[in-house]
file my_file30.txt (compact mmCIF, C-alpha atoms)
# COMPACT_ATOMS: atom_id res chain seq x y z
CA MET J 1 7.41 -4.39 -39.22
CA LYS J 2 3.67 -3.84 -38.83
CA GLU J 3 2.34 -4.37 -35.33
CA ASP J 4 -0.32 -7.04 -35.00
CA ARG J 5 -2.99 -6.43 -32.35
CA PHE J 6 -2.56 -9.96 -31.01
CA PHE J 7 1.24 -10.03 -31.13
CA PRO J 8 2.62 -6.53 -30.70
CA SER J 9 6.20 -6.17 -31.87
CA SER J 10 7.27 -5.12 -28.36
CA VAL J 11 6.34 -8.50 -26.88
CA GLU J 12 8.94 -11.21 -27.07
CA VAL J 13 7.59 -14.74 -27.45
CA ARG J 14 9.77 -17.27 -25.67
CA PRO J 15 9.40 -21.04 -25.70
CA ALA J 16 7.84 -22.65 -22.63
CA MET J 17 10.22 -24.15 -20.13
CA ALA J 18 10.01 -27.60 -18.63
CA SER J 19 8.49 -27.83 -15.16
CA ILE J 20 10.82 -27.28 -12.25
CA ARG J 21 10.35 -29.15 -9.00
CA SER J 22 11.93 -28.60 -5.62
CA ALA J 23 14.63 -30.99 -4.49
CA TYR J 24 12.65 -31.09 -1.22
CA GLU J 25 9.17 -31.86 -2.54
CA ASN J 26 9.33 -35.40 -1.10
CA ASP J 27 10.70 -34.21 2.25
CA SER J 28 7.75 -34.09 4.66
CA ASP J 29 9.61 -31.63 6.92
CA MET J 30 10.07 -29.14 4.06
CA LEU J 31 6.92 -29.70 2.02
CA GLU J 32 4.74 -27.00 3.58
CA ILE J 33 7.33 -24.22 3.39
CA VAL J 34 8.25 -25.19 -0.19
CA ARG J 35 4.54 -24.94 -1.04
CA GLU J 36 4.32 -21.50 0.55
CA PHE J 37 7.38 -20.31 -1.36
CA ALA J 38 6.02 -21.67 -4.66
CA ASN J 39 2.61 -20.07 -4.04
CA GLU J 40 4.28 -16.66 -3.51
CA LEU J 41 6.11 -16.76 -6.84
CA PRO J 42 3.39 -15.10 -8.97
CA ALA J 43 3.59 -12.02 -6.73
CA ARG J 44 7.38 -12.01 -6.98
CA ILE J 45 7.18 -12.30 -10.77
CA ALA J 46 4.82 -9.33 -10.86
CA LYS J 47 7.25 -7.29 -8.73
CA LEU J 48 10.21 -8.26 -10.93
CA GLU J 49 8.35 -7.26 -14.07
CA SER J 50 7.06 -4.04 -12.50
CA HIS J 51 10.53 -2.96 -11.32
CA LEU J 52 11.99 -3.81 -14.71
CA ALA J 53 9.32 -1.87 -16.62
CA ALA J 54 9.68 1.15 -14.32
CA GLY J 55 13.46 1.14 -14.54
CA GLU J 56 13.73 0.58 -10.79
CA MET J 57 17.07 -1.18 -10.92
CA ARG J 58 17.88 -0.89 -7.20
CA GLU J 59 14.60 -2.59 -6.28
CA LEU J 60 15.15 -5.18 -9.00
CA GLN J 61 18.61 -5.91 -7.58
CA THR J 62 17.18 -6.29 -4.06
CA LEU J 63 14.55 -8.74 -5.25
CA ALA J 64 17.12 -10.71 -7.27
CA HIS J 65 19.31 -10.90 -4.16
CA GLN J 66 16.40 -12.22 -2.08
CA LEU J 67 15.54 -14.85 -4.69
CA LYS J 68 19.18 -15.86 -4.97
CA GLY J 69 19.19 -16.79 -1.30
CA ALA J 70 15.72 -18.28 -1.17
CA GLY J 71 15.93 -20.42 -4.31
CA GLY J 72 18.54 -22.83 -3.05
CA GLY J 73 17.08 -22.86 0.44
CA TYR J 74 13.79 -24.14 -0.94
CA GLY J 75 15.41 -26.67 -3.26
CA PHE J 76 15.47 -24.66 -6.51
CA PRO J 77 19.12 -24.19 -7.49
CA GLN J 78 18.03 -22.94 -10.95
CA ILE J 79 16.39 -19.94 -9.28
CA THR J 80 19.53 -19.20 -7.29
CA GLU J 81 21.69 -19.37 -10.40
CA LEU J 82 19.50 -17.08 -12.50
CA ALA J 83 18.84 -14.61 -9.68
CA ALA J 84 22.61 -14.41 -9.03
CA SER J 85 23.18 -13.73 -12.72
CA LEU J 86 20.61 -10.91 -12.68
CA GLU J 87 22.02 -9.43 -9.48
CA SER J 88 25.53 -9.55 -10.93
CA ALA J 89 24.43 -7.83 -14.16
CA LEU J 90 22.83 -5.05 -12.15
CA LYS J 91 25.84 -4.63 -9.86
CA GLN J 92 28.17 -4.46 -12.85
CA GLY J 93 25.99 -1.91 -14.62
CA MET J 94 25.48 -4.11 -17.68
CA ASP J 95 23.41 -2.71 -20.52
CA GLU J 96 19.62 -2.77 -20.49
CA ALA J 97 19.39 -5.69 -22.94
CA ALA J 98 21.56 -7.92 -20.72
CA VAL J 99 19.53 -7.02 -17.63
CA LYS J 100 16.24 -7.65 -19.44
CA ASP J 101 17.43 -11.01 -20.78
CA ARG J 102 18.41 -12.14 -17.30
CA ALA J 103 15.21 -10.82 -15.72
CA HIS J 104 13.06 -12.55 -18.34
CA ALA J 105 14.98 -15.82 -17.88
CA LEU J 106 14.40 -15.61 -14.13
CA CYS J 107 10.69 -14.86 -14.56
CA ASP J 108 10.30 -17.73 -17.02
CA THR J 109 11.97 -20.07 -14.55
CA LEU J 110 9.76 -18.87 -11.68
CA ARG J 111 6.70 -19.49 -13.86
CA SER J 112 7.80 -23.06 -14.49
CA VAL J 113 7.95 -23.98 -10.79
CA VAL J 114 5.47 -26.69 -9.87
CA VAL J 115 3.69 -26.25 -6.54
CA PRO J 116 4.20 -29.54 -4.66
CA GLY J 117 0.99 -31.45 -4.07
CA ALA J 118 -1.06 -29.05 -6.18
call {"tool": "encode", "arguments": {"input": "my_file30.txt", "output": "structure tokens"}}
result
Amino acid sequence: MKEDRFFPSSVEVRPAMASIRSAYENDSDMLEIVREFANELPARIAKLESHLAAGEMRELQTLAHQLKGAGGGYGFPQITELAASLESALKQGMDEAAVKDRAHALCDTLRSVVVPGA
């Protein structure tokens, strides 16, 4: 397959996900910390992608573990579920394709988080 300069063959195009909102976005006691968590997600996505590209599986596993715990705590059970799946794949030594699929699914989900009140 010939590589197109706008759509290189190494880039996978995935459909956009629906927006994800925190279960706590209407809880005035939680709103500010949920906002802070959501605002930090672009940096976490960048770290996930960087660790994945560099083959830094231990660091990727650590970040997945952190997101697994944080996701549910901030009202995003989808994040917890996908981060747990990625962490499990890494712990089990699954093949690169399985790890990449799970990492991309987690990144896509993080990108779909809506910052409350933004």
call {"tool": "residues_near_point", "arguments": {"input": "my_file30.txt", "point": "(21.9, -15.6, -16.0)", "cutoff": "12 Å", "atoms": "all atoms listed in the file", "output": "PyMOL selection string"}}
result
chain J and resi 64+68+78-90+98-109
call {"tool": "closest_residue", "arguments": {"input": "my_file30.txt", "among": "J:Ala46, J:Ala23, J:Ala97, J:Ala54", "to": "Pro116 in chain J", "atoms": "only C-alpha atoms"}}
result
J:Ala23
call {"tool": "closest_residue", "arguments": {"input": "my_file30.txt", "among": "J:Ala53, J:Ile20, J:Val115, J:Leu48", "to": "Phe76 in chain J", "atoms": "only C-alpha atoms"}}
result
J:Ile20
call {"tool": "axis_aligned_box", "arguments": {"input": "my_file30.txt", "around": "range 78-83 of chain J", "padding_each_side": "6 Å", "output": "lines of an AutoDock Vina configuration file"}}
result
center_x = 19.0
center_y = -18.8
center_z = -9.9
size_x = 17.3
size_y = 20.3
size_z = 17.2
call {"tool": "atom_distance", "arguments": {"input": "my_file30.txt", "atom1": "CA of Ile33 in chain J", "atom2": "CA of His65 in chain J"}}
result
19.4 Å
call {"tool": "residues_around", "arguments": {"input": "my_file30.txt", "residues": "Val113 in chain J", "least_positions_apart": "6", "cutoff": "9 Å", "atoms": "only C-alpha atoms", "output": "PyMOL selection string"}}
result
chain J and resi 18-22+38+41+76
call {"tool": "atom_distance", "arguments": {"input": "my_file30.txt", "atom1": "CA of Gly75 in chain J", "atom2": "CA of Arg111 in chain J"}}
result
15.5 Å
call {"tool": "build_atoms", "arguments": {"input": "my_file30.txt", "residues": "range 50-85 of chain J", "atoms": "N, CA and C atoms", "output": "short mmCIF file (atom, residue, chain, number, x, y, z; two decimals), in the frame of the given file"}}
result
data_model
loop_
_atom_site.label_atom_id
_atom_site.label_comp_id
_atom_site.auth_asym_id
_atom_site.auth_seq_id
_atom_site.Cartn_x
_atom_site.Cartn_y
_atom_site.Cartn_z
N SER J 50 7.40 -5.43 -12.78
CA SER J 50 7.06 -4.04 -12.50
C SER J 50 8.33 -3.19 -12.32
N HIS J 51 9.27 -3.68 -11.53
CA HIS J 51 10.53 -2.96 -11.32
C HIS J 51 11.30 -2.81 -12.63
N LEU J 52 11.30 -3.85 -13.43
CA LEU J 52 11.99 -3.81 -14.71
C LEU J 52 11.35 -2.76 -15.64
N ALA J 53 10.03 -2.80 -15.75
CA ALA J 53 9.32 -1.87 -16.62
C ALA J 53 9.48 -0.41 -16.18
N ALA J 54 9.57 -0.21 -14.86
CA ALA J 54 9.68 1.15 -14.32
C ALA J 54 11.13 1.64 -14.26
N GLY J 55 12.06 0.76 -14.61
CA GLY J 55 13.46 1.14 -14.54
C GLY J 55 13.99 1.24 -13.12
N GLU J 56 13.35 0.55 -12.20
CA GLU J 56 13.73 0.58 -10.79
C GLU J 56 14.79 -0.49 -10.53
N MET J 57 16.00 -0.19 -10.95
CA MET J 57 17.07 -1.18 -10.92
C MET J 57 17.52 -1.53 -9.50
N ARG J 58 17.49 -0.59 -8.58
CA ARG J 58 17.88 -0.89 -7.20
C ARG J 58 16.91 -1.90 -6.58
N GLU J 59 15.62 -1.67 -6.80
CA GLU J 59 14.60 -2.59 -6.28
C GLU J 59 14.69 -3.95 -6.96
N LEU J 60 14.97 -3.94 -8.25
CA LEU J 60 15.15 -5.18 -9.00
C LEU J 60 16.34 -5.96 -8.44
N GLN J 61 17.42 -5.27 -8.15
CA GLN J 61 18.61 -5.91 -7.58
C GLN J 61 18.31 -6.50 -6.20
N THR J 62 17.55 -5.78 -5.38
CA THR J 62 17.18 -6.29 -4.06
C THR J 62 16.36 -7.56 -4.17
N LEU J 63 15.39 -7.56 -5.07
CA LEU J 63 14.55 -8.74 -5.25
C LEU J 63 15.36 -9.91 -5.81
N ALA J 64 16.26 -9.65 -6.73
CA ALA J 64 17.12 -10.71 -7.27
C ALA J 64 17.97 -11.29 -6.15
N HIS J 65 18.50 -10.44 -5.28
CA HIS J 65 19.31 -10.90 -4.16
C HIS J 65 18.49 -11.81 -3.23
N GLN J 66 17.27 -11.41 -2.94
CA GLN J 66 16.40 -12.22 -2.08
C GLN J 66 16.11 -13.58 -2.70
N LEU J 67 15.82 -13.58 -4.01
CA LEU J 67 15.54 -14.85 -4.69
C LEU J 67 16.77 -15.73 -4.80
N LYS J 68 17.93 -15.10 -4.92
CA LYS J 68 19.18 -15.86 -4.97
C LYS J 68 19.33 -16.68 -3.70
N GLY J 69 19.07 -16.07 -2.56
CA GLY J 69 19.19 -16.79 -1.30
C GLY J 69 18.08 -17.80 -1.09
N ALA J 70 16.88 -17.42 -1.43
CA ALA J 70 15.72 -18.28 -1.17
C ALA J 70 15.67 -19.50 -2.09
N GLY J 71 16.05 -19.33 -3.34
CA GLY J 71 15.93 -20.42 -4.31
C GLY J 71 16.58 -21.70 -3.85
N GLY J 72 17.83 -21.63 -3.50
CA GLY J 72 18.54 -22.83 -3.05
C GLY J 72 18.00 -23.36 -1.74
N GLY J 73 17.60 -22.45 -0.86
CA GLY J 73 17.08 -22.86 0.44
C GLY J 73 15.79 -23.65 0.34
N TYR J 74 15.04 -23.41 -0.73
CA TYR J 74 13.79 -24.14 -0.94
C TYR J 74 13.94 -25.26 -1.97
N GLY J 75 15.17 -25.55 -2.36
CA GLY J 75 15.41 -26.67 -3.26
C GLY J 75 15.31 -26.35 -4.74
N PHE J 76 15.52 -25.08 -5.11
CA PHE J 76 15.47 -24.66 -6.51
C PHE J 76 16.79 -24.00 -6.90
N PRO J 77 17.83 -24.78 -7.15
CA PRO J 77 19.12 -24.19 -7.49
C PRO J 77 19.08 -23.38 -8.79
N GLN J 78 18.15 -23.69 -9.70
CA GLN J 78 18.03 -22.94 -10.95
C GLN J 78 17.65 -21.49 -10.66
N ILE J 79 16.80 -21.29 -9.65
CA ILE J 79 16.39 -19.94 -9.28
C ILE J 79 17.59 -19.18 -8.73
N THR J 80 18.35 -19.84 -7.87
CA THR J 80 19.53 -19.20 -7.29
C THR J 80 20.50 -18.78 -8.38
N GLU J 81 20.74 -19.65 -9.32
CA GLU J 81 21.69 -19.37 -10.40
C GLU J 81 21.25 -18.18 -11.25
N LEU J 82 19.99 -18.16 -11.64
CA LEU J 82 19.50 -17.08 -12.50
C LEU J 82 19.37 -15.76 -11.74
N ALA J 83 18.95 -15.83 -10.49
CA ALA J 83 18.84 -14.61 -9.68
C ALA J 83 20.24 -14.02 -9.43
N ALA J 84 21.23 -14.88 -9.21
CA ALA J 84 22.61 -14.41 -9.03
C ALA J 84 23.11 -13.75 -10.30
N SER J 85 22.77 -14.30 -11.44
CA SER J 85 23.18 -13.73 -12.72
C SER J 85 22.56 -12.34 -12.92
#
